[in-house]
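Okay, structure first, notes after.
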Amino acid sequence: MRRSFLFLLLAILASMAPVPAVELGLPLKAKSVRFAVIGDNGTGDRMQYDIGRLMEDCRKKASFDFVIMLGDNIYGADTPADFKLKFETPYKPLLDAGVKFYASLGNHDNPNQRFYKPFNMGEKRYYNFKNGNAEFFALDSTYMDHTQLDCIKQKLRDSNAASKICYFHHPLYSDGKFHGPDKDLRARLEPIFLQNGVNVVFSGHDHVYERIKPQNGIDYFVLGSSGQLRSGNLRTSAQMAKGFDTDRTFMLVEIAGDQLYFQTISRADKTVDEGTIEKKSAASKTTF
């Protein structure tokens with residue numbers, strides 16, 4: 001009990017620290033879809049709280065209304081006190097403002113997290129939801145069985161969304177030295193993505209940030225450093241468009257018409273990557 005109180009006190013003190021001013025580069029167009037991205041965040045330590053404060057500062061400026069989570073949401077024990085320490089308190093200002101969090105499961109997550117209502121998983125390991133002209137597909141890459149694969153195919157095939165975005169924990173492409181790409185998962189998922197117009201894929205697991213050059217017309221991001229970090233863990237490769245492995249990060253994303261804008265921000269309030277993904281021709285079988 002005394003230890004839990006100490007952790008909570010430290011968390012409260014961390015949340016009161018001053019937050020730097022974030023300079024946004026997104027266009028913030030009318031009626032656009034805006035969201036944040038975090039991965040491997042659930043540590044309960046000061047660095048996670050720093051990212052949470054920066055996210056709230058960005059919300060005030062960018063008015064994003066939801067966050068997608070790339071797995072490893074709660075490290076270690078997952079008692080009610082842990083959910084408070086590792087999720088509810090660091091993101092309290094966002095939650096109080098009505099921001100919804102949509103979780104996917106990582107290898108460190110208890111599958112029962114799907115029953116935790118603030119994760120908005122609908123008690124399912126994999127699910128989908130729409131926002132504006134975009135549809136999001138949260139997958140469970142830890143237990144990718146035939147039932148889930150069949151469901152993914154059907155859901156993607158049935159979707160008439162202009163933008164189809166998939167997110168899950170294990171990356172199909174990665175230059176992380178510790179884990180790297182899950183090539184078996186790639187062999188099973190990528191053909192489905194290509195056949196059904198998936199535009200962008202977000203994953204975590206490697207505790208770095210990386211943007212991969214488009215692979216067969218699909219843009220891949222790795223963001224596993226919103227709480228955890230493996231400093232110096234990236235190797236340089238021909239497929240890397242941008243990499244960052246020296247601090248915690250989160251992303252802001254805006255979808256407006258034919259463009260997807262992204263901005264990746266570090267805990268030191270530095271924009272470490274940003275850009276625009278343009279819509280491609282219908283012949284490429286992707287939207288962006």
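Each chain in the structure tokens gets a letter, A, B and so on, in the order shown; residues start at 1 in every chain, and ligands are counted from 1 in the order they appear.
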Spatial neighbours of region 82-88 of chain A, 6 Å, only C-alpha atoms, chain gap at least 6 places, as a ChimeraX atom specification: /A:42-44
Write out, as a tab-separated table, each residue of region 37-103 of chain A that has an atom at most 8 Å from region 196-218 of chain A, together with the closest pair of atoms and their distance in Å to one decimal, counting only C-alpha atoms, rows going by chain and rising number.
residue	atom	partner	partner_atom	distance
A:Gly39	CA	A:Gly204	CA	5.3
A:Asp40	CA	A:Gly204	CA	6.5
A:Leu70	CA	A:Gly204	CA	5.4
A:Gly71	CA	A:Gly204	CA	6.8
A:Asp72	CA	A:His205	CA	7.7
Output N, CA and C atoms for every residue in the selection just made, as a PDB file, in the first residue's frame.
ATOM      1  N   GLY A  39       2.502   4.190 -28.870  1.00  0.00           N
ATOM      2  CA  GLY A  39       2.792   2.763 -28.817  1.00  0.00           C
ATOM      3  C   GLY A  39       3.769   2.436 -27.704  1.00  0.00           C
ATOM      4  N   ASP A  40       3.585   1.262 -27.083  1.00  0.00           N
ATOM      5  CA  ASP A  40       4.478   0.784 -26.018  1.00  0.00           C
ATOM      6  C   ASP A  40       4.593   1.841 -24.923  1.00  0.00           C
ATOM      7  N   LEU A  70      -0.847   1.267 -30.065  1.00  0.00           N
ATOM      8  CA  LEU A  70      -0.216   0.207 -30.845  1.00  0.00           C
ATOM      9  C   LEU A  70       0.249  -0.979 -30.009  1.00  0.00           C
ATOM     10  N   GLY A  71      -0.276  -1.108 -28.807  1.00  0.00           N
ATOM     11  CA  GLY A  71       0.018  -2.285 -27.979  1.00  0.00           C
ATOM     12  C   GLY A  71       1.074  -2.048 -26.923  1.00  0.00           C
ATOM     13  N   ASP A  72       1.172  -3.009 -25.998  1.00  0.00           N
ATOM     14  CA  ASP A  72       1.944  -2.867 -24.764  1.00  0.00           C
ATOM     15  C   ASP A  72       1.434  -1.634 -24.024  1.00  0.00           C
TER      16      ASP A  72
END
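The nearest approach to Cys166 (chain A) among the residues A:Asp45, A:Glu254, A:Asp150, A:Asp219, with only C-alpha atoms taken into account, belongs to A:Asp219.
Going from CA of Phe262 (chain A) over to CA of Glu274 (chain A), you cover 5.3 Å.
Interatomic distance, CA of Phe66 (chain A) against CA of Glu278 (chain A): 22.5 Å.
Nearest to Glu56 (chain A) of all the residues A:Tyr127, A:Tyr75, A:Tyr91, A:Phe115 is A:Tyr91, counting only C-alpha atoms.
CA of Tyr143 (chain A) is positioned 15.3 Å from CA of Ala103 (chain A).
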Helix (DSSP H, G or I) call set, DSSP backbone run, region 132-213 of chain A, as a ChimeraX atom specification: /A:146-158,183-195
For Ser174 (chain A), please output as a PDB file with C-alpha atoms, in the first residue's frame all residues within 7 Å (counting only C-alpha atoms; exclusion window: fewer than 5 positions along the same chain).
ATOM      1  CA  GLY A 180      13.074  -6.205 -36.363  1.00  0.00           C
ATOM      2  CA  PRO A 181      10.331  -7.165 -38.823  1.00  0.00           C
ATOM      3  CA  VAL A 222       6.806   2.005 -36.416  1.00  0.00           C
TER       4      VAL A 222
END
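Minimum atom-to-atom distances from A:Ile192, A:Leu252, A:Ala77, A:Leu172 to Lys153 (chain A) were compared using only C-alpha atoms, and the lowest value belongs to A:Ile192.
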Which of region 95-280 of chain A fall in strand (DSSP E or B), as number ranges by chain: A: 100-103, 127-131, 134-138, 163-167, 176, 200-203, 209-215, 218-223, 234, 240-244, 249-256, 259-266, 271-278
A:Val67, A:Ile51, A:Leu139, A:Ala238 ranked by distance to Gly98 (chain A), top pick (using only C-alpha atoms): A:Val67
For Thr271 (chain A), the nearest of the candidates A:Leu54, A:Leu28, A:Ile152, A:Ala161, counting only C-alpha atoms: A:Leu54
